[in-house]
file work.pdb (PDB, C-alpha atoms)
MODEL        1
ATOM      1  CA  MET A  23     120.249 -14.888 -77.802  1.00  0.00           C
ATOM      2  CA  ARG A  24     122.587 -17.168 -75.852  1.00  0.00           C
ATOM      3  CA  LYS A  25     123.366 -20.663 -77.094  1.00  0.00           C
ATOM      4  CA  SER A  26     121.503 -22.223 -74.175  1.00  0.00           C
ATOM      5  CA  TYR A  27     118.319 -20.811 -75.736  1.00  0.00           C
ATOM      6  CA  ARG A  28     118.901 -22.530 -79.094  1.00  0.00           C
ATOM      7  CA  VAL A  29     118.019 -25.914 -80.532  1.00  0.00           C
ATOM      8  CA  LYS A  30     121.173 -26.722 -82.505  1.00  0.00           C
ATOM      9  CA  LYS A  31     121.524 -30.475 -83.059  1.00  0.00           C
ATOM     10  CA  GLU A  32     119.833 -32.294 -85.926  1.00  0.00           C
ATOM     11  CA  ALA A  33     118.451 -34.937 -83.527  1.00  0.00           C
ATOM     12  CA  GLU A  34     116.795 -32.225 -81.409  1.00  0.00           C
ATOM     13  CA  PHE A  35     115.256 -30.639 -84.524  1.00  0.00           C
ATOM     14  CA  GLN A  36     113.889 -34.036 -85.580  1.00  0.00           C
ATOM     15  CA  GLU A  37     112.459 -34.690 -82.122  1.00  0.00           C
ATOM     16  CA  VAL A  38     110.453 -31.441 -82.289  1.00  0.00           C
ATOM     17  CA  PHE A  39     109.317 -32.169 -85.880  1.00  0.00           C
ATOM     18  CA  GLU A  40     108.192 -35.665 -84.942  1.00  0.00           C
ATOM     19  CA  ALA A  41     105.988 -34.317 -82.147  1.00  0.00           C
ATOM     20  CA  ARG A  42     103.825 -32.915 -85.000  1.00  0.00           C
ATOM     21  CA  HIS A  43     102.423 -29.954 -83.058  1.00  0.00           C
ATOM     22  CA  SER A  44     102.530 -27.131 -85.575  1.00  0.00           C
ATOM     23  CA  VAL A  45     100.833 -23.812 -86.288  1.00  0.00           C
ATOM     24  CA  ALA A  46     101.331 -21.598 -89.325  1.00  0.00           C
ATOM     25  CA  ASN A  47     100.480 -18.305 -90.930  1.00  0.00           C
ATOM     26  CA  ARG A  48     101.571 -17.017 -94.340  1.00  0.00           C
ATOM     27  CA  GLN A  49     105.078 -16.093 -93.189  1.00  0.00           C
ATOM     28  CA  PHE A  50     106.067 -18.681 -90.556  1.00  0.00           C
ATOM     29  CA  VAL A  51     105.508 -22.251 -89.409  1.00  0.00           C
ATOM     30  CA  VAL A  52     106.079 -23.034 -85.721  1.00  0.00           C
ATOM     31  CA  TYR A  53     106.602 -26.566 -84.404  1.00  0.00           C
ATOM     32  CA  GLN A  54     106.637 -27.107 -80.652  1.00  0.00           C
ATOM     33  CA  LEU A  55     107.446 -29.775 -78.084  1.00  0.00           C
ATOM     34  CA  GLU A  56     106.672 -29.487 -74.357  1.00  0.00           C
ATOM     35  CA  ARG A  57     109.727 -29.943 -72.098  1.00  0.00           C
ATOM     36  CA  GLN A  58     108.992 -29.999 -68.381  1.00  0.00           C
ATOM     37  CA  ASP A  59     112.639 -30.590 -67.413  1.00  0.00           C
ATOM     38  CA  GLN A  60     114.217 -27.364 -68.648  1.00  0.00           C
ATOM     39  CA  PRO A  61     114.394 -23.917 -67.038  1.00  0.00           C
ATOM     40  CA  HIS A  62     113.695 -21.879 -70.209  1.00  0.00           C
ATOM     41  CA  PHE A  63     112.533 -22.210 -73.790  1.00  0.00           C
ATOM     42  CA  ARG A  64     114.828 -23.194 -76.637  1.00  0.00           C
ATOM     43  CA  VAL A  65     114.296 -22.157 -80.239  1.00  0.00           C
ATOM     44  CA  GLY A  66     115.552 -23.392 -83.580  1.00  0.00           C
ATOM     45  CA  ILE A  67     115.354 -21.182 -86.657  1.00  0.00           C
ATOM     46  CA  SER A  68     115.208 -22.556 -90.171  1.00  0.00           C
ATOM     47  CA  VAL A  69     115.400 -20.411 -93.302  1.00  0.00           C
ATOM     48  CA  GLY A  70     115.351 -22.344 -96.578  1.00  0.00           C
ATOM     49  CA  LYS A  71     117.263 -21.696 -99.777  1.00  0.00           C
ATOM     50  CA  LYS A  72     114.131 -20.345-101.483  1.00  0.00           C
ATOM     51  CA  ILE A  73     114.586 -17.203 -99.365  1.00  0.00           C
ATOM     52  CA  GLY A  74     117.866 -16.324-101.068  1.00  0.00           C
ATOM     53  CA  ASN A  75     121.610 -16.701-100.793  1.00  0.00           C
ATOM     54  CA  ALA A  76     123.438 -17.302 -97.500  1.00  0.00           C
ATOM     55  CA  VAL A  77     123.820 -13.598 -96.763  1.00  0.00           C
ATOM     56  CA  HIS A  78     120.098 -12.980 -97.175  1.00  0.00           C
ATOM     57  CA  ARG A  79     119.122 -16.083 -95.160  1.00  0.00           C
ATOM     58  CA  ASN A  80     121.360 -14.953 -92.289  1.00  0.00           C
ATOM     59  CA  TRP A  81     119.801 -11.470 -92.496  1.00  0.00           C
ATOM     60  CA  VAL A  82     116.337 -13.026 -92.029  1.00  0.00           C
ATOM     61  CA  LYS A  83     117.572 -15.243 -89.163  1.00  0.00           C
ATOM     62  CA  ARG A  84     119.080 -12.259 -87.335  1.00  0.00           C
ATOM     63  CA  ARG A  85     115.770 -10.419 -87.516  1.00  0.00           C
ATOM     64  CA  ILE A  86     113.828 -13.423 -86.235  1.00  0.00           C
ATOM     65  CA  ARG A  87     116.348 -13.872 -83.410  1.00  0.00           C
ATOM     66  CA  GLN A  88     116.123 -10.168 -82.492  1.00  0.00           C
ATOM     67  CA  SER A  89     112.324 -10.329 -82.418  1.00  0.00           C
ATOM     68  CA  LEU A  90     112.435 -13.390 -80.152  1.00  0.00           C
ATOM     69  CA  THR A  91     114.927 -11.658 -77.848  1.00  0.00           C
ATOM     70  CA  GLU A  92     112.512  -8.741 -77.471  1.00  0.00           C
ATOM     71  CA  LEU A  93     109.620 -11.155 -76.776  1.00  0.00           C
ATOM     72  CA  LYS A  94     111.625 -13.362 -74.370  1.00  0.00           C
ATOM     73  CA  PRO A  95     109.906 -12.285 -71.114  1.00  0.00           C
ATOM     74  CA  ASN A  96     106.478 -13.052 -72.590  1.00  0.00           C
ATOM     75  CA  LEU A  97     107.290 -16.463 -74.081  1.00  0.00           C
ATOM     76  CA  LYS A  98     106.285 -19.790 -72.556  1.00  0.00           C
ATOM     77  CA  GLN A  99     109.365 -21.224 -70.835  1.00  0.00           C
ATOM     78  CA  ASP A 100     108.956 -25.033 -70.750  1.00  0.00           C
ATOM     79  CA  VAL A 101     109.031 -25.693 -74.478  1.00  0.00           C
ATOM     80  CA  ASP A 102     111.306 -26.276 -77.461  1.00  0.00           C
ATOM     81  CA  PHE A 103     110.054 -24.698 -80.657  1.00  0.00           C
ATOM     82  CA  LEU A 104     111.166 -24.268 -84.232  1.00  0.00           C
ATOM     83  CA  VAL A 105     110.472 -21.215 -86.365  1.00  0.00           C
ATOM     84  CA  ILE A 106     110.515 -21.904 -90.091  1.00  0.00           C
ATOM     85  CA  ALA A 107     110.487 -18.863 -92.348  1.00  0.00           C
ATOM     86  CA  ARG A 108     108.505 -19.036 -95.563  1.00  0.00           C
ATOM     87  CA  PRO A 109     109.743 -17.315 -98.755  1.00  0.00           C
ATOM     88  CA  THR A 110     107.419 -14.324 -98.242  1.00  0.00           C
ATOM     89  CA  THR A 111     109.583 -13.159 -95.304  1.00  0.00           C
ATOM     90  CA  SER A 112     112.548 -12.409 -97.562  1.00  0.00           C
ATOM     91  CA  GLU A 113     111.401  -8.908 -98.523  1.00  0.00           C
ATOM     92  CA  MET A 114     109.766  -7.891 -95.233  1.00  0.00           C
ATOM     93  CA  PRO A 115     111.181  -5.127 -93.010  1.00  0.00           C
ATOM     94  CA  MET A 116     111.914  -5.824 -89.335  1.00  0.00           C
ATOM     95  CA  PRO A 117     108.595  -4.472 -87.917  1.00  0.00           C
ATOM     96  CA  GLU A 118     106.620  -6.695 -90.311  1.00  0.00           C
ATOM     97  CA  ILE A 119     108.670  -9.773 -89.401  1.00  0.00           C
ATOM     98  CA  LYS A 120     108.067  -9.123 -85.709  1.00  0.00           C
ATOM     99  CA  LYS A 121     104.339  -8.522 -86.229  1.00  0.00           C
ATOM    100  CA  HIS A 122     103.835 -11.789 -88.120  1.00  0.00           C
ATOM    101  CA  LEU A 123     106.023 -13.688 -85.654  1.00  0.00           C
ATOM    102  CA  ILE A 124     103.905 -12.400 -82.763  1.00  0.00           C
ATOM    103  CA  HIS A 125     100.784 -13.545 -84.622  1.00  0.00           C
ATOM    104  CA  VAL A 126     102.008 -17.113 -85.164  1.00  0.00           C
ATOM    105  CA  LEU A 127     103.383 -17.392 -81.597  1.00  0.00           C
ATOM    106  CA  LYS A 128      99.981 -16.362 -80.231  1.00  0.00           C
ATOM    107  CA  LEU A 129      98.306 -18.981 -82.437  1.00  0.00           C
ATOM    108  CA  ALA A 130     100.709 -21.583 -81.033  1.00  0.00           C
ATOM    109  CA  LYS A 131      99.934 -20.363 -77.484  1.00  0.00           C
ATOM    110  CA  LEU A 132     103.635 -19.708 -76.890  1.00  0.00           C
ATOM    111  CA  LEU A 133     103.159 -15.983 -76.294  1.00  0.00           C
ATOM    112  CA  ASP A 134     100.921 -14.373 -73.698  1.00  0.00           C
ATOM    113  CA  ASN A 135      97.538 -13.648 -75.318  1.00  0.00           C
ATOM    114  CA  ASP A 136      97.408 -10.270 -73.586  1.00  0.00           C
ATOM    115  CA  TYR A 137     100.759  -9.252 -75.107  1.00  0.00           C
ATOM    116  CA  SER A 138     100.490  -6.158 -77.288  1.00  0.00           C
ATOM    117  CA  GLU A 139     103.051  -4.359 -79.468  1.00  0.00           C
ATOM    118  CA  GLY A 140     103.477  -1.569 -76.925  1.00  0.00           C
ATOM    119  CA  ASP A 141     104.754  -3.913 -74.173  1.00  0.00           C
TER     120      ASP A 141
ENDMDL
END

call {"tool": "encode", "arguments": {"input": "work.pdb", "output": "structure tokens"}}
result
Amino acid sequence: MRKSYRVKKEAEFQEVFEARHSVANRQFVVYQLERQDQPHFRVGISVGKKIGNAVHRNWVKRRIRQSLTELKPNLKQDVDFLVIARPTTSEMPMPEIKKHLIHVLKLAKLLDNDYSEGD
């Protein structure tokens, strides 16, 4: 995923957190902030130290990023959102991560409701 699709700065993360629009399931928490002035969505990914060491945290982030890249055409475009991984994601294989990410994105209304795994 290109850098233009990422929320990178601490101030931008805080702005999305302070909007206080969040949805969660057992594996992920998603915070979102509507942005009418941007051409595409931006995402920030946070994986805490409870997940494991730096190598393992980066492994989880890569899988989340890959899942979002595959879902990109079906995601809402005028929004910044943060994906926070909970410790239960640390042992999940890629298909499980994607499945639970799809679930939480649908709850947050960031993914088309008619999206199915086969798309």

call {"tool": "closest_residue", "arguments": {"input": "work.pdb", "among": "A:Glu40, A:Glu56, A:Glu34, A:Asp134", "to": "Leu97 in chain A", "atoms": "only C-alpha atoms"}}
result
A:Asp134

call {"tool": "resolve_selection", "arguments": {"input": "work.pdb", "expression": "the PyMOL selection byres ((chain A and resi 101-110) around 7)", "output": "VMD selection string"}}
result
chain A and resid 38 49 to 57 63 to 69 72 to 73 98 to 100 111 to 113

call {"tool": "atom_distance", "arguments": {"input": "work.pdb", "atom1": "CA of Thr91 in chain A", "atom2": "CA of Lys120 in chain A"}}
result
10.7 Å

call {"tool": "resolve_selection", "arguments": {"input": "work.pdb", "expression": "the PyMOL selection byres ((chain A and resi 25) around 12)", "output": "list in words"}}
result
Met23, Arg24, Ser26, Tyr27, Arg28, Val29, Lys30, Lys31, His62, Phe63, Arg64, Val65, Gly66 and Arg87 of chain A

call {"tool": "atom_distance", "arguments": {"input": "work.pdb", "atom1": "CA of Ile86 in chain A", "atom2": "CA of Leu123 in chain A"}}
result
7.8 Å

call {"tool": "atom_distance", "arguments": {"input": "work.pdb", "atom1": "CA of Asn96 in chain A", "atom2": "CA of Leu132 in chain A"}}
result
8.4 Å

call {"tool": "closest_residue", "arguments": {"input": "work.pdb", "among": "A:Gln60, A:Glu37, A:Ala76, A:Gln88", "to": "Ile119 in chain A", "atoms": "all atoms listed in the file"}}
result
A:Gln88

call {"tool": "residues_around", "arguments": {"input": "work.pdb", "residues": "Arg85 in chain A", "least_positions_apart": "4", "cutoff": "10 Å", "atoms": "all atoms listed in the file", "output": "PyMOL selection string"}}
result
chain A and resi 80-81+89-91+115-117+119-120

call {"tool": "closest_residue", "arguments": {"input": "work.pdb", "among": "A:Lys71, A:Arg48, A:Arg79, A:His43", "to": "Lys131 in chain A", "atoms": "all atoms listed in the file"}}
result
A:His43

call {"tool": "build_atoms", "arguments": {"input": "work.pdb", "residues": "range 37-58 of chain A", "atoms": "N, CA and C atoms", "output": "PDB file, keeping the file's coordinate frame"}}
result
ATOM      1  N   GLU A  37     113.337 -34.367 -83.247  1.00  0.00           N
ATOM      2  CA  GLU A  37     112.459 -34.690 -82.122  1.00  0.00           C
ATOM      3  C   GLU A  37     111.269 -33.720 -82.066  1.00  0.00           C
ATOM      4  N   VAL A  38     111.529 -32.434 -82.294  1.00  0.00           N
ATOM      5  CA  VAL A  38     110.453 -31.441 -82.289  1.00  0.00           C
ATOM      6  C   VAL A  38     109.541 -31.645 -83.503  1.00  0.00           C
ATOM      7  N   PHE A  39     110.120 -31.912 -84.684  1.00  0.00           N
ATOM      8  CA  PHE A  39     109.317 -32.169 -85.880  1.00  0.00           C
ATOM      9  C   PHE A  39     108.405 -33.373 -85.691  1.00  0.00           C
ATOM     10  N   GLU A  40     108.953 -34.431 -85.097  1.00  0.00           N
ATOM     11  CA  GLU A  40     108.192 -35.665 -84.942  1.00  0.00           C
ATOM     12  C   GLU A  40     107.061 -35.545 -83.940  1.00  0.00           C
ATOM     13  N   ALA A  41     107.094 -34.545 -83.080  1.00  0.00           N
ATOM     14  CA  ALA A  41     105.988 -34.317 -82.147  1.00  0.00           C
ATOM     15  C   ALA A  41     104.735 -33.871 -82.895  1.00  0.00           C
ATOM     16  N   ARG A  42     104.910 -33.282 -84.078  1.00  0.00           N
ATOM     17  CA  ARG A  42     103.825 -32.915 -85.000  1.00  0.00           C
ATOM     18  C   ARG A  42     102.821 -31.916 -84.424  1.00  0.00           C
ATOM     19  N   HIS A  43     103.275 -31.039 -83.548  1.00  0.00           N
ATOM     20  CA  HIS A  43     102.423 -29.954 -83.058  1.00  0.00           C
ATOM     21  C   HIS A  43     102.867 -28.682 -83.777  1.00  0.00           C
ATOM     22  N   SER A  44     102.109 -28.290 -84.803  1.00  0.00           N
ATOM     23  CA  SER A  44     102.530 -27.131 -85.575  1.00  0.00           C
ATOM     24  C   SER A  44     101.382 -26.154 -85.795  1.00  0.00           C
ATOM     25  N   VAL A  45     101.756 -24.907 -85.989  1.00  0.00           N
ATOM     26  CA  VAL A  45     100.833 -23.812 -86.288  1.00  0.00           C
ATOM     27  C   VAL A  45     101.519 -22.974 -87.353  1.00  0.00           C
ATOM     28  N   ALA A  46     100.718 -22.373 -88.242  1.00  0.00           N
ATOM     29  CA  ALA A  46     101.331 -21.598 -89.325  1.00  0.00           C
ATOM     30  C   ALA A  46     100.488 -20.389 -89.678  1.00  0.00           C
ATOM     31  N   ASN A  47     101.149 -19.395 -90.234  1.00  0.00           N
ATOM     32  CA  ASN A  47     100.480 -18.305 -90.930  1.00  0.00           C
ATOM     33  C   ASN A  47     101.194 -18.174 -92.279  1.00  0.00           C
ATOM     34  N   ARG A  48     100.988 -17.114 -92.997  1.00  0.00           N
ATOM     35  CA  ARG A  48     101.571 -17.017 -94.340  1.00  0.00           C
ATOM     36  C   ARG A  48     103.084 -16.834 -94.337  1.00  0.00           C
ATOM     37  N   GLN A  49     103.655 -16.378 -93.240  1.00  0.00           N
ATOM     38  CA  GLN A  49     105.078 -16.093 -93.189  1.00  0.00           C
ATOM     39  C   GLN A  49     105.905 -17.124 -92.422  1.00  0.00           C
ATOM     40  N   PHE A  50     105.313 -17.782 -91.427  1.00  0.00           N
ATOM     41  CA  PHE A  50     106.067 -18.681 -90.556  1.00  0.00           C
ATOM     42  C   PHE A  50     105.299 -19.954 -90.257  1.00  0.00           C
ATOM     43  N   VAL A  51     106.050 -21.022 -89.968  1.00  0.00           N
ATOM     44  CA  VAL A  51     105.508 -22.251 -89.409  1.00  0.00           C
ATOM     45  C   VAL A  51     106.228 -22.443 -88.082  1.00  0.00           C
ATOM     46  N   VAL A  52     105.486 -22.799 -87.033  1.00  0.00           N
ATOM     47  CA  VAL A  52     106.079 -23.034 -85.721  1.00  0.00           C
ATOM     48  C   VAL A  52     105.726 -24.445 -85.266  1.00  0.00           C
ATOM     49  N   TYR A  53     106.760 -25.239 -84.997  1.00  0.00           N
ATOM     50  CA  TYR A  53     106.602 -26.566 -84.404  1.00  0.00           C
ATOM     51  C   TYR A  53     106.987 -26.438 -82.941  1.00  0.00           C
ATOM     52  N   GLN A  54     106.305 -27.212 -82.074  1.00  0.00           N
ATOM     53  CA  GLN A  54     106.637 -27.107 -80.652  1.00  0.00           C
ATOM     54  C   GLN A  54     106.602 -28.457 -79.966  1.00  0.00           C
ATOM     55  N   LEU A  55     107.371 -28.571 -78.885  1.00  0.00           N
ATOM     56  CA  LEU A  55     107.446 -29.775 -78.084  1.00  0.00           C
ATOM     57  C   LEU A  55     107.578 -29.352 -76.624  1.00  0.00           C
ATOM     58  N   GLU A  56     106.633 -29.806 -75.793  1.00  0.00           N
ATOM     59  CA  GLU A  56     106.672 -29.487 -74.357  1.00  0.00           C
ATOM     60  C   GLU A  56     107.877 -30.160 -73.707  1.00  0.00           C
ATOM     61  N   ARG A  57     108.571 -29.433 -72.845  1.00  0.00           N
ATOM     62  CA  ARG A  57     109.727 -29.943 -72.098  1.00  0.00           C
ATOM     63  C   ARG A  57     109.594 -29.477 -70.654  1.00  0.00           C
ATOM     64  N   GLN A  58     109.189 -30.362 -69.784  1.00  0.00           N
ATOM     65  CA  GLN A  58     108.992 -29.999 -68.381  1.00  0.00           C
ATOM     66  C   GLN A  58     110.313 -29.891 -67.617  1.00  0.00           C
TER      67      GLN A  58
END
